[in-house]
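Colleague: If it helps, the file is called query_30.cif and holds mmCIF, C-alpha atoms and all ligand atoms:
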data_target
#
loop_
_atom_site.label_atom_id
_atom_site.label_comp_id
_atom_site.auth_asym_id
_atom_site.auth_seq_id
_atom_site.Cartn_x
_atom_site.Cartn_y
_atom_site.Cartn_z
CA MET A 39 116.51 209.22 47.12
CA THR A 40 116.81 206.73 49.97
CA ALA A 41 120.26 205.44 50.87
CA TYR A 42 120.73 201.72 51.62
CA LEU A 43 123.37 200.17 53.84
CA ILE A 44 123.81 196.44 53.31
CA THR A 45 125.81 195.06 56.21
CA SER A 46 128.04 191.97 56.30
CA VAL A 47 127.39 191.03 52.69
CA SER A 48 129.76 188.99 50.56
CA VAL A 49 130.57 190.91 47.38
CA VAL A 50 130.95 188.29 44.61
CA GLY A 51 131.95 185.66 47.15
CA ALA A 52 134.59 187.69 49.04
CA ALA A 53 134.74 188.04 52.84
CA PRO A 54 131.70 189.86 54.29
CA THR A 55 131.78 193.65 54.23
CA ASP A 56 129.38 196.59 54.24
CA LEU A 57 128.03 198.21 51.10
CA LEU A 58 126.50 201.68 50.96
CA ILE A 59 124.22 202.72 48.11
CA ARG A 60 123.50 206.43 47.75
CA ASP A 61 122.46 208.75 44.91
CA GLY A 62 122.34 205.98 42.36
CA VAL A 63 125.86 204.70 42.91
CA VAL A 64 127.77 202.41 45.22
CA ALA A 65 129.00 205.11 47.59
CA ASP A 66 131.31 202.94 49.69
CA VAL A 67 132.38 199.34 50.28
CA GLY A 68 134.24 198.36 53.43
CA PRO A 69 133.88 197.10 56.99
CA GLY A 70 132.15 199.12 59.71
CA LEU A 71 130.33 201.64 57.51
CA THR A 72 127.78 203.91 59.16
CA ALA A 73 125.08 205.99 57.53
CA PRO A 74 122.40 207.24 59.93
CA ASP A 75 120.04 208.21 57.12
CA ALA A 76 120.26 204.86 55.34
CA THR A 77 117.82 201.96 55.39
CA VAL A 78 119.78 199.00 56.75
CA ILE A 79 119.58 195.58 55.13
CA ASP A 80 121.20 192.77 57.14
CA GLY A 81 123.37 191.04 54.55
CA THR A 82 124.60 188.24 56.79
CA GLY A 83 124.87 185.10 54.67
CA LEU A 84 123.94 187.01 51.50
CA VAL A 85 125.95 187.54 48.33
CA ALA A 86 125.94 190.75 46.23
CA LEU A 87 126.56 190.39 42.51
CA PRO A 88 126.57 192.92 39.71
CA GLY A 89 122.97 192.97 38.39
CA LEU A 90 122.34 190.12 36.00
CA VAL A 91 122.13 190.89 32.27
CA ASP A 92 120.07 188.75 29.90
CA LEU A 93 121.07 188.71 26.24
CA HIS A 94 117.94 186.81 25.20
CA THR A 95 114.47 187.71 26.50
CA HIS A 96 111.12 187.57 24.76
CA LEU A 97 108.88 190.32 26.13
CA ARG A 98 106.07 189.78 23.56
CA GLU A 99 105.06 193.45 23.40
CA PRO A 100 103.87 194.68 20.96
CA GLY A 101 101.40 192.05 19.86
CA ARG A 102 101.06 189.34 22.50
CA GLU A 103 100.42 191.33 25.63
CA ASP A 104 98.30 188.43 26.87
CA ALA A 105 101.51 186.38 27.20
CA GLU A 106 103.84 189.13 28.50
CA THR A 107 104.31 192.87 28.43
CA VAL A 108 107.45 194.92 28.68
CA GLU A 109 106.36 195.78 32.20
CA SER A 110 105.47 192.25 33.39
CA GLY A 111 108.61 190.80 31.82
CA SER A 112 110.70 193.56 33.38
CA ARG A 113 109.22 192.75 36.78
CA ALA A 114 109.97 189.04 36.28
CA ALA A 115 113.52 190.02 35.33
CA ALA A 116 114.02 192.19 38.42
CA LEU A 117 112.71 189.38 40.63
CA GLY A 118 115.24 187.11 38.97
CA GLY A 119 118.09 189.47 39.86
CA TYR A 120 118.38 191.15 36.46
CA THR A 121 119.05 194.84 35.88
CA ALA A 122 119.13 194.69 32.07
CA VAL A 123 117.53 192.52 29.42
CA CYS A 124 117.84 192.42 25.64
CA ALA A 125 114.38 192.10 24.11
CA MET A 126 114.08 189.81 21.10
CA ALA A 127 112.59 191.11 17.86
CA ASN A 128 109.93 188.45 17.16
CA THR A 129 107.06 190.63 18.28
CA SER A 130 103.99 191.57 16.25
CA PRO A 131 104.69 193.80 14.43
CA VAL A 132 108.26 192.57 14.22
CA ALA A 133 110.91 194.90 15.64
CA ASP A 134 112.39 195.52 12.20
CA THR A 135 112.07 199.32 12.08
CA ALA A 136 113.28 202.25 14.15
CA GLY A 137 109.65 202.87 15.18
CA VAL A 138 109.11 199.49 16.80
CA VAL A 139 112.48 199.29 18.59
CA GLU A 140 111.91 202.80 19.92
CA GLN A 141 108.48 201.76 21.19
CA VAL A 142 109.94 198.80 23.10
CA TRP A 143 112.76 200.96 24.44
CA ARG A 144 110.31 203.63 25.60
CA LEU A 145 108.05 201.06 27.30
CA GLY A 146 111.13 199.75 29.12
CA ARG A 147 111.99 203.25 30.33
CA GLU A 148 108.42 203.78 31.53
CA ALA A 149 108.35 200.51 33.48
CA ASN A 150 111.78 201.40 34.91
CA LEU A 151 112.32 197.98 36.49
CA VAL A 152 115.30 196.93 34.34
CA ASP A 153 117.04 198.51 31.37
CA VAL A 154 115.35 197.10 28.29
CA GLN A 155 117.67 197.05 25.30
CA PRO A 156 115.78 196.15 22.11
CA ILE A 157 117.30 193.72 19.62
CA GLY A 158 116.40 194.51 16.01
CA ALA A 159 115.37 191.96 13.38
CA VAL A 160 117.94 191.05 10.74
CA THR A 161 115.37 190.63 7.98
CA VAL A 162 112.06 192.32 7.23
CA GLY A 163 109.29 190.51 9.09
CA LEU A 164 111.79 187.76 10.03
CA ALA A 165 111.04 186.40 6.57
CA GLY A 166 114.68 185.83 5.67
CA GLU A 167 114.39 187.61 2.32
CA ARG A 168 115.50 191.25 2.66
CA LEU A 169 117.65 193.02 5.23
CA ALA A 170 115.70 195.15 7.68
CA GLU A 171 116.62 198.80 8.32
CA LEU A 172 119.64 197.91 10.44
CA GLY A 173 121.22 201.36 10.18
CA ALA A 174 118.02 203.19 11.10
CA MET A 175 117.58 200.97 14.16
CA ALA A 176 121.20 201.56 15.16
CA ASP A 177 120.73 205.34 14.80
CA SER A 178 117.40 205.37 16.66
CA ALA A 179 116.91 206.35 20.29
CA ALA A 180 117.09 202.61 21.10
CA ARG A 181 120.70 202.50 19.76
CA VAL A 182 120.35 198.89 18.61
CA ARG A 183 123.62 196.97 18.36
CA ILE A 184 122.41 193.36 18.36
CA PHE A 185 120.29 192.05 15.49
CA SER A 186 118.56 188.69 15.43
CA ASP A 187 115.76 186.85 13.66
CA ASP A 188 115.56 184.56 16.70
CA GLY A 189 112.78 182.03 16.38
CA HIS A 190 113.96 181.81 12.76
CA CYS A 191 117.39 181.19 11.31
CA VAL A 192 118.93 183.59 8.81
CA ALA A 193 119.30 180.59 6.51
CA ASP A 194 120.35 182.35 3.28
CA PRO A 195 124.16 182.52 3.40
CA LYS A 196 124.34 185.60 1.18
CA LEU A 197 121.91 187.50 3.37
CA MET A 198 123.83 186.41 6.48
CA ARG A 199 127.06 187.63 4.92
CA ARG A 200 125.49 190.99 4.05
CA ALA A 201 124.10 191.40 7.56
CA LEU A 202 127.50 190.64 9.11
CA GLU A 203 129.14 193.16 6.76
CA TYR A 204 126.53 195.82 7.37
CA VAL A 205 126.77 195.86 11.17
CA LYS A 206 130.55 196.11 11.09
CA ALA A 207 130.22 199.85 10.53
CA PHE A 208 128.91 200.34 14.08
CA ASP A 209 130.51 197.27 15.70
CA GLY A 210 127.15 195.53 15.75
CA ILE A 211 126.48 191.83 16.26
CA ILE A 212 124.36 189.31 14.43
CA ALA A 213 122.85 186.88 16.94
CA GLN A 214 121.99 183.75 15.03
CA HIS A 215 119.27 181.22 15.80
CA ALA A 216 121.24 178.30 14.36
CA GLU A 217 118.74 175.95 12.73
CA GLU A 218 119.05 174.73 9.15
CA PRO A 219 115.34 174.81 8.32
CA ARG A 220 115.39 172.03 5.74
CA LEU A 221 116.81 169.65 8.33
CA THR A 222 114.15 170.45 10.93
CA GLU A 223 110.98 170.35 8.85
CA GLY A 224 108.18 169.05 11.05
CA ALA A 225 110.55 168.49 13.96
CA GLN A 226 109.01 168.08 17.40
CA MET A 227 111.97 167.22 19.61
CA HIS A 228 115.64 166.20 19.58
CA GLU A 229 116.39 163.49 17.01
CA GLY A 230 117.65 160.47 18.88
CA GLU A 231 116.69 157.38 20.77
CA VAL A 232 113.80 159.02 22.63
CA SER A 233 112.24 160.55 19.48
CA THR A 234 112.45 157.16 17.78
CA ARG A 235 110.73 155.49 20.70
CA LEU A 236 108.01 158.15 20.91
CA GLY A 237 107.55 158.30 17.15
CA LEU A 238 108.05 162.05 17.00
CA ILE A 239 109.90 163.75 14.14
CA GLY A 240 113.40 164.64 15.27
CA TRP A 241 115.46 167.88 15.15
CA PRO A 242 118.98 166.60 14.49
CA ALA A 243 121.99 168.13 16.22
CA VAL A 244 123.62 168.66 12.83
CA ALA A 245 120.93 171.21 11.89
CA GLU A 246 122.42 173.49 14.55
CA GLU A 247 126.05 172.55 14.04
CA ALA A 248 125.99 173.06 10.26
CA ILE A 249 124.73 176.64 10.60
CA ILE A 250 127.25 177.49 13.32
CA ALA A 251 130.07 176.05 11.19
CA ARG A 252 128.94 178.12 8.21
CA ASP A 253 128.47 181.28 10.24
CA VAL A 254 131.83 181.21 11.99
CA LEU A 255 133.43 180.93 8.55
CA LEU A 256 131.35 183.85 7.29
CA ALA A 257 132.18 185.92 10.38
CA GLU A 258 135.85 185.08 9.91
CA HIS A 259 135.70 185.99 6.24
CA VAL A 260 134.20 189.43 6.80
CA GLY A 261 135.82 190.08 10.21
CA SER A 262 132.49 190.66 11.92
CA ARG A 263 130.98 189.81 15.28
CA LEU A 264 128.74 186.76 15.49
CA HIS A 265 126.81 185.65 18.54
CA VAL A 266 125.25 182.19 18.66
CA CYS A 267 121.95 181.93 20.51
CA HIS A 268 120.99 178.98 22.71
CA VAL A 269 123.78 176.52 21.88
CA SER A 270 122.44 173.06 22.65
CA THR A 271 124.76 170.31 21.37
CA ALA A 272 128.20 168.88 22.12
CA GLY A 273 129.06 169.17 18.42
CA SER A 274 128.27 172.91 18.44
CA VAL A 275 130.66 173.32 21.34
CA GLU A 276 133.45 171.71 19.30
CA VAL A 277 132.79 173.96 16.30
CA LEU A 278 132.89 177.00 18.57
CA ARG A 279 136.03 175.80 20.32
CA GLN A 280 137.88 175.55 17.02
CA ALA A 281 136.59 178.91 15.77
CA LYS A 282 137.62 180.67 18.97
CA ALA A 283 141.06 179.05 18.83
CA ARG A 284 141.46 180.61 15.35
CA GLY A 285 140.47 184.02 16.69
CA VAL A 286 137.03 184.28 15.07
CA ARG A 287 134.96 187.02 16.72
CA VAL A 288 132.24 184.71 17.97
CA THR A 289 130.45 184.54 21.31
CA ALA A 290 127.87 182.01 22.44
CA GLU A 291 125.14 181.54 24.98
CA VAL A 292 123.51 178.56 26.66
CA THR A 293 120.14 178.55 28.37
CA PRO A 294 119.49 177.34 31.92
CA HIS A 295 117.17 174.63 30.59
CA HIS A 296 119.78 173.20 28.23
CA LEU A 297 122.15 173.01 31.22
CA LEU A 298 119.70 171.04 33.32
CA LEU A 299 117.04 169.15 31.37
CA THR A 300 117.22 166.41 28.74
CA ASP A 301 115.04 165.03 25.96
CA VAL A 302 113.80 162.32 28.33
CA LYS A 303 111.34 164.99 29.55
CA ALA A 304 109.44 164.55 26.27
CA GLU A 305 108.29 161.14 27.53
CA THR A 306 105.79 163.04 29.67
CA TYR A 307 104.26 164.55 26.51
CA ASP A 308 103.91 167.69 28.61
CA PRO A 309 104.35 170.57 26.14
CA VAL A 310 105.97 172.68 28.85
CA PHE A 311 109.13 170.79 27.83
CA LYS A 312 108.80 171.67 24.14
CA VAL A 313 111.41 174.25 23.24
CA ASN A 314 113.50 175.31 20.29
CA PRO A 315 116.27 174.18 20.06
CA PRO A 316 114.95 171.09 21.80
CA LEU A 317 116.18 169.56 25.03
CA ARG A 318 119.09 167.30 24.10
CA THR A 319 120.85 164.30 25.64
CA ALA A 320 122.73 163.92 28.92
CA ALA A 321 126.01 163.88 26.95
CA ASP A 322 125.11 167.26 25.43
CA VAL A 323 124.31 168.66 28.88
CA THR A 324 127.71 167.49 30.12
CA ALA A 325 129.49 169.13 27.17
CA LEU A 326 127.56 172.40 27.62
CA ARG A 327 128.46 172.54 31.32
CA ALA A 328 132.13 171.96 30.53
CA ALA A 329 132.05 174.65 27.82
CA LEU A 330 130.47 177.11 30.22
CA ALA A 331 133.22 176.44 32.75
CA ASP A 332 136.08 176.75 30.26
CA GLY A 333 134.68 179.79 28.43
CA VAL A 334 133.88 178.31 25.01
CA ILE A 335 130.36 179.31 25.97
CA ASP A 336 130.48 182.91 27.15
CA VAL A 337 127.13 183.48 28.82
CA ILE A 338 123.99 182.01 30.29
CA ALA A 339 121.00 183.63 28.57
CA THR A 340 117.45 182.74 29.53
CA ASP A 341 115.53 182.61 26.22
CA HIS A 342 112.60 183.54 28.47
CA ALA A 343 109.73 182.61 26.15
CA PRO A 344 106.32 183.24 27.72
CA HIS A 345 103.32 181.67 26.01
CA ALA A 346 99.60 182.04 26.67
CA VAL A 347 97.76 179.01 28.06
CA GLU A 348 96.03 178.19 24.77
CA ASP A 349 99.38 178.12 22.95
CA LYS A 350 101.00 175.82 25.49
CA GLU A 351 98.44 173.68 27.25
CA CYS A 352 97.43 171.67 24.22
CA GLU A 353 98.67 168.66 22.28
CA TRP A 354 102.49 168.50 22.01
CA ALA A 355 102.46 168.87 18.22
CA TYR A 356 100.42 172.08 18.36
CA ALA A 357 102.16 173.69 21.33
CA ARG A 358 104.51 176.62 20.75
CA PRO A 359 108.11 176.04 21.72
CA GLY A 360 109.52 177.99 24.64
CA MET A 361 109.90 178.18 28.41
CA LEU A 362 109.93 180.86 31.06
CA GLY A 363 113.39 181.60 32.41
CA LEU A 364 113.91 184.96 34.06
CA GLU A 365 112.66 184.14 37.55
CA THR A 366 114.56 180.85 37.84
CA ALA A 367 117.84 181.37 35.95
CA LEU A 368 120.00 182.25 38.94
CA SER A 369 118.71 179.24 40.87
CA ILE A 370 119.49 176.91 37.96
CA ALA A 371 122.97 178.44 37.64
CA LEU A 372 123.53 177.91 41.35
CA ASP A 373 122.28 174.34 41.06
CA VAL A 374 124.54 173.61 38.08
CA LEU A 375 127.66 175.60 39.01
CA GLY A 376 127.48 175.66 42.79
CA PRO A 377 128.59 178.79 44.66
CA GLN A 378 131.21 179.77 42.07
CA TRP A 379 130.26 183.41 42.39
CA ASP A 380 132.96 184.84 40.18
CA LEU A 381 132.00 182.45 37.38
CA ILE A 382 128.30 183.22 37.84
CA ALA A 383 129.04 186.98 37.74
CA GLU A 384 131.14 186.47 34.62
CA ARG A 385 128.61 184.37 32.70
CA MET A 386 125.43 186.13 33.81
CA SER A 387 126.48 189.76 34.21
CA ARG A 388 129.93 191.00 33.16
CA THR A 389 130.25 189.19 29.86
CA PRO A 390 126.69 189.69 28.62
CA ALA A 391 126.94 193.40 29.51
CA ARG A 392 130.19 193.67 27.57
CA ILE A 393 128.79 191.82 24.53
CA ALA A 394 125.71 194.06 24.45
CA GLY A 395 127.73 197.21 25.18
CA LEU A 396 125.55 198.09 28.17
CA THR A 397 127.61 200.60 30.11
CA GLY A 398 126.92 200.78 33.84
CA HIS A 399 125.92 197.10 33.90
CA GLY A 400 128.09 194.09 34.61
CA VAL A 401 130.37 196.05 36.90
CA ASP A 402 131.23 194.63 40.32
CA PRO A 403 130.02 196.76 43.26
CA ALA A 404 132.83 199.22 44.08
CA PRO A 405 132.87 202.88 45.12
CA GLY A 406 131.56 205.13 42.36
CA VAL A 407 130.02 202.51 40.07
CA PRO A 408 126.31 202.70 39.20
CA ALA A 409 124.34 200.74 41.79
CA ASN A 410 123.02 198.04 39.45
CA LEU A 411 123.27 194.98 41.63
CA THR A 412 121.44 192.05 43.08
CA VAL A 413 121.57 190.43 46.50
CA ILE A 414 121.08 186.68 46.81
CA ASP A 415 120.41 184.31 49.70
CA PRO A 416 122.21 181.17 48.53
CA ALA A 417 121.09 179.12 51.54
CA ALA A 418 117.39 179.64 50.87
CA ARG A 419 115.46 177.02 48.94
CA ARG A 420 112.18 177.68 47.24
CA THR A 421 109.57 175.59 45.53
CA ILE A 422 108.50 177.01 42.19
CA GLU A 423 104.78 177.67 42.03
CA PRO A 424 103.77 178.82 38.54
CA ALA A 425 100.86 180.89 39.92
CA GLU A 426 103.29 182.95 42.00
CA LEU A 427 105.48 184.04 39.08
CA ALA A 428 105.40 187.67 37.98
CA SER A 429 105.37 186.71 34.33
CA ARG A 430 101.96 186.81 32.68
CA SER A 431 102.56 183.25 31.49
CA ARG A 432 102.86 180.03 33.44
CA ASN A 433 105.04 177.84 31.23
CA THR A 434 107.88 177.14 33.64
CA PRO A 435 109.49 173.71 33.28
CA TYR A 436 110.42 173.85 36.98
CA ALA A 437 106.90 173.79 38.45
CA ARG A 438 106.93 172.39 41.97
CA MET A 439 110.67 171.76 41.86
CA THR A 440 112.63 172.96 44.87
CA LEU A 441 115.59 175.06 43.75
CA PRO A 442 118.46 176.69 45.63
CA GLY A 443 118.83 180.44 46.07
CA ARG A 444 116.48 183.35 46.41
CA ILE A 445 116.83 186.93 45.17
CA VAL A 446 116.47 189.16 48.23
CA ALA A 447 116.98 192.55 46.61
CA THR A 448 117.74 194.09 43.22
CA PHE A 449 118.82 197.69 42.68
CA LEU A 450 118.59 199.64 39.43
CA ARG A 451 120.70 202.81 39.62
CA GLY A 452 120.39 202.79 43.38
CA GLU A 453 116.61 202.32 43.50
CA PRO A 454 115.33 198.98 44.76
CA THR A 455 113.20 197.14 42.23
CA VAL A 456 113.04 194.16 44.60
CA LEU A 457 113.21 194.26 48.39
CA ASP A 458 112.63 191.35 50.79
CA GLY A 459 112.15 189.17 47.74
CA LYS A 460 109.19 191.22 46.53
CA ALA A 461 108.87 193.65 43.64
CA THR A 462 108.71 197.22 44.90
CA LYS A 463 106.25 198.30 42.19
O1 LIG A 501 111.63 177.92 22.15
C1 LIG A 501 111.75 178.99 21.58
N1 LIG A 501 110.83 179.96 21.73
N2 LIG A 501 112.77 179.19 20.77
C2 LIG A 501 112.88 180.28 19.99
O2 LIG A 501 113.84 180.42 19.28
C3 LIG A 501 111.79 181.29 19.98
C4 LIG A 501 111.06 181.27 21.24
C5 LIG A 501 109.77 182.04 21.21
O3 LIG A 501 109.75 183.17 20.70
O4 LIG A 501 108.78 181.54 21.74
#
Translate this structure into structure tokens?
Ligand code: DOR
Modeller:
Amino acid sequence: MTAYLITSVSVVGAAPTDLLIRDGVVADVGPGLTAPDATVIDGTGLVALPGLVDLHTHLREPGREDAETVESGSRAAALGGYTAVCAMANTSPVADTAGVVEQVWRLGREANLVDVQPIGAVTVGLAGERLAELGAMADSAARVRIFSDDGHCVADPKLMRRALEYVKAFDGIIAQHAEEPRLTEGAQMHEGEVSTRLGLIGWPAVAEEAIIARDVLLAEHVGSRLHVCHVSTAGSVEVLRQAKARGVRVTAEVTPHHLLLTDVKAETYDPVFKVNPPLRTAADVTALRAALADGVIDVIATDHAPHAVEDKECEWAYARPGMLGLETALSIALDVLGPQWDLIAERMSRTPARIAGLTGHGVDPAPGVPANLTVIDPAARRTIEPAELASRSRNTPYARMTLPGRIVATFLRGEPTVLDGKATK
């Protein structure tokens, strides 16, 4: 195993120091380190963070390997600075059995670019009618702890209550896609001034807020852990703020795109901007940013949603919702938050690792900890070219935008998955 000595690097924004990686761990951190056998990386101007952890990734395998595979998505993740991703269950077949979650977990191990932690479905086939085999998935080799029907809401309150109760036995989490389906029938974009002008059916903010309000009450009632996926409205933030103040065991994520883009993008009719939940208003973006800063929103999660060309480059109404996220998330965070490295580490690594229970991830580089880390050049700027992305899909909403920050290197248990900004395999 090669050793790596990163010189003069800022660890999570602190004064520059040297960082030695050997035998899978951070062997030493301090000024003036020497290691004759090590490959030296000049870290001047660079920042080392604990490897990023994504709570919300769609890897599409099994079933839509034309859009993404566990391997291609893992490579995109590594290039984005991630060392672990949680793979959503809306594959085909759905990850609602021990067999499917074990398959995804095994494919992740084989690719060995990031740790792939499968999320199990809450209901059989995501149909919202019967609970899936939650216990069998928890007991499987994949050791599933997060369950989600993401893409669909667990709309039936009795089923949601049962799911919350069931996972309590192993301190599991239900990650809810908060969308009251009756309120979003036929919806194409955020319901508001822009949807009225464009004549598109709207997805009202209350469809999200009503489910979050219900679910925090259910979680409170049964004393279970709830996680809210892709929070997108100012009203949702207020519901979460109140629930957290009461001590409800709820955590929440926001996506990079909901922190940056608004529903005005729909005026282009470019389906690359179609996403679920939809892009909201500037006031929502402001509220989400404030909630991320004050901790009402716990994490940035990508909702990386690759789609094949024929599912995306078509008329708006027929296009699938979803955007790529893994290879641009850190740049968007840097754009939105600035060089607040401790906050970025908290929202993109430490907290998501803690929520998912991923030991060895989300730990700041220090002697003896597993070398799961990423090294960023914050001064670099890059123009996003869809054709250059490692994802099999091209549906980035940031095409030809120039964004701050570049991932220089990523290490998974001491092995580089990215060096000089390029994937090592
Ligand atoms: O935009 C989205 N795309 N939202 C979801 O909840 C699901 C996802 C997907 O699977 O494409």
Colleague: Contacts of Pro316 (chain A) at 7 Å or less, counting only C-alpha atoms, minus same-chain residues fewer than 4 places along, as a list of chain:residue names?
Modeller: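 The filter keeps A:Met227, A:His228, A:Lys312.
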Colleague: Ligand LIG 501 (chain A): which residues are within 6 Å, counting only C-alpha atoms and all ligand atoms, as a PyMOL selection string?
Modeller: chain A and resi 188-189+313-314+343+359-360
Colleague: Skip Gly261 (chain A) itself and residues of its chain fewer than 5 positions away, then list as number ranges by chain all residues within 12 Å of it, counting only C-alpha atoms.
Modeller: A: 199, 202-207, 209-211, 253-256, 285-288
Colleague: So which residues touch region 52-60 of chain A within 7 Å, counting only C-alpha atoms, skipping near sequence neighbours fewer than 2 positions away, as an NGL selection string?
Modeller: :A and (41-50 or 62-71 or 409 or 452)
Colleague: Write out as a ChimeraX atom specification which residues come within 12 Å of Pro435 (chain A) when counting only C-alpha atoms, dropping same-chain ones fewer than 6 positions away.
Modeller: /A:294-296,298-300,303-304,306,308-313,317,342-344,350,359-363,365-367,370,422-424
Colleague: Looking at only C-alpha atoms, which of A:Lys282, A:Val260, A:Glu140, A:Thr129 is the one that sits closest to Glu106 (chain A)?
Modeller: A:Thr129
Colleague: Using all atoms listed in the file, which protein or nucleic acid residues come within 12 Å of Leu172 (chain A)? Drop anything in the same chain fewer than 4 positions from it, and give the result as a PyMOL selection string.
Modeller: chain A and resi 133-136+139+157-162+168+176-178+180-186+200-208+210-212
Colleague: Restricting the calculation to only C-alpha atoms: of A:Arg444, A:Arg279, A:Arg430, A:His345, which residue gets closest to Asp332 (chain A)?
Modeller: A:Arg279
Colleague: At what distance in Å, to one decimal, does CA of Ala216 (chain A) lie from CA of Glu229 (chain A)?
Modeller: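 Here the two named atoms are 15.8 Å from each other.
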Colleague: Mind rebuilding region 222-228 of chain A with all heavy atoms and writing that out as a PDB file, in the frame of the given file?
Modeller:
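The new file selection_38.pdb reads:
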ATOM      1  N   THR A 222     115.034 170.516   9.750  1.00  0.00           N
ATOM      2  CA  THR A 222     114.150 170.450  10.930  1.00  0.00           C
ATOM      3  C   THR A 222     112.679 170.538  10.540  1.00  0.00           C
ATOM      4  O   THR A 222     111.830 170.815  11.388  1.00  0.00           O
ATOM      5  CB  THR A 222     114.475 171.576  11.938  1.00  0.00           C
ATOM      6  OG1 THR A 222     114.278 172.839  11.297  1.00  0.00           O
ATOM      7  CG2 THR A 222     115.900 171.478  12.456  1.00  0.00           C
ATOM      8  N   GLU A 223     112.379 170.277   9.274  1.00  0.00           N
ATOM      9  CA  GLU A 223     110.980 170.350   8.850  1.00  0.00           C
ATOM     10  C   GLU A 223     110.133 169.372   9.662  1.00  0.00           C
ATOM     11  O   GLU A 223     110.450 168.187   9.737  1.00  0.00           O
ATOM     12  CB  GLU A 223     110.865 170.055   7.350  1.00  0.00           C
ATOM     13  CG  GLU A 223     111.242 171.266   6.511  1.00  0.00           C
ATOM     14  CD  GLU A 223     111.393 170.958   5.031  1.00  0.00           C
ATOM     15  OE1 GLU A 223     110.995 169.868   4.602  1.00  0.00           O
ATOM     16  OE2 GLU A 223     111.934 171.824   4.317  1.00  0.00           O
ATOM     17  N   GLY A 224     109.094 169.900  10.277  1.00  0.00           N
ATOM     18  CA  GLY A 224     108.180 169.050  11.050  1.00  0.00           C
ATOM     19  C   GLY A 224     108.713 168.565  12.382  1.00  0.00           C
ATOM     20  O   GLY A 224     108.057 167.784  13.082  1.00  0.00           O
ATOM     21  N   ALA A 225     109.904 169.031  12.758  1.00  0.00           N
ATOM     22  CA  ALA A 225     110.550 168.490  13.960  1.00  0.00           C
ATOM     23  C   ALA A 225     109.784 168.855  15.223  1.00  0.00           C
ATOM     24  O   ALA A 225     109.259 169.952  15.360  1.00  0.00           O
ATOM     25  CB  ALA A 225     111.986 168.986  14.059  1.00  0.00           C
ATOM     26  N   GLN A 226     109.751 167.907  16.137  1.00  0.00           N
ATOM     27  CA  GLN A 226     109.010 168.080  17.400  1.00  0.00           C
ATOM     28  C   GLN A 226     109.896 168.012  18.631  1.00  0.00           C
ATOM     29  O   GLN A 226     109.510 168.459  19.696  1.00  0.00           O
ATOM     30  CB  GLN A 226     107.936 166.990  17.521  1.00  0.00           C
ATOM     31  CG  GLN A 226     106.824 167.122  16.501  1.00  0.00           C
ATOM     32  CD  GLN A 226     105.996 168.367  16.724  1.00  0.00           C
ATOM     33  OE1 GLN A 226     105.854 168.842  17.838  1.00  0.00           O
ATOM     34  NE2 GLN A 226     105.447 168.913  15.652  1.00  0.00           N
ATOM     35  N   MET A 227     111.061 167.382  18.463  1.00  0.00           N
ATOM     36  CA  MET A 227     111.970 167.220  19.610  1.00  0.00           C
ATOM     37  C   MET A 227     113.341 166.814  19.071  1.00  0.00           C
ATOM     38  O   MET A 227     113.504 166.645  17.876  1.00  0.00           O
ATOM     39  CB  MET A 227     111.449 166.160  20.588  1.00  0.00           C
ATOM     40  CG  MET A 227     111.395 164.763  20.008  1.00  0.00           C
ATOM     41  SD  MET A 227     110.995 163.489  21.245  1.00  0.00           S
ATOM     42  CE  MET A 227     112.420 163.570  22.317  1.00  0.00           C
ATOM     43  N   HIS A 228     114.299 166.644  19.969  1.00  0.00           N
ATOM     44  CA  HIS A 228     115.640 166.200  19.580  1.00  0.00           C
ATOM     45  C   HIS A 228     115.571 164.861  18.840  1.00  0.00           C
ATOM     46  O   HIS A 228     114.848 163.949  19.260  1.00  0.00           O
ATOM     47  CB  HIS A 228     116.501 166.056  20.842  1.00  0.00           C
ATOM     48  CG  HIS A 228     117.828 165.405  20.599  1.00  0.00           C
ATOM     49  ND1 HIS A 228     118.810 165.999  19.843  1.00  0.00           N
ATOM     50  CD2 HIS A 228     118.325 164.205  21.001  1.00  0.00           C
ATOM     51  CE1 HIS A 228     119.879 165.195  19.802  1.00  0.00           C
ATOM     52  NE2 HIS A 228     119.595 164.111  20.492  1.00  0.00           N
TER      53      HIS A 228
END
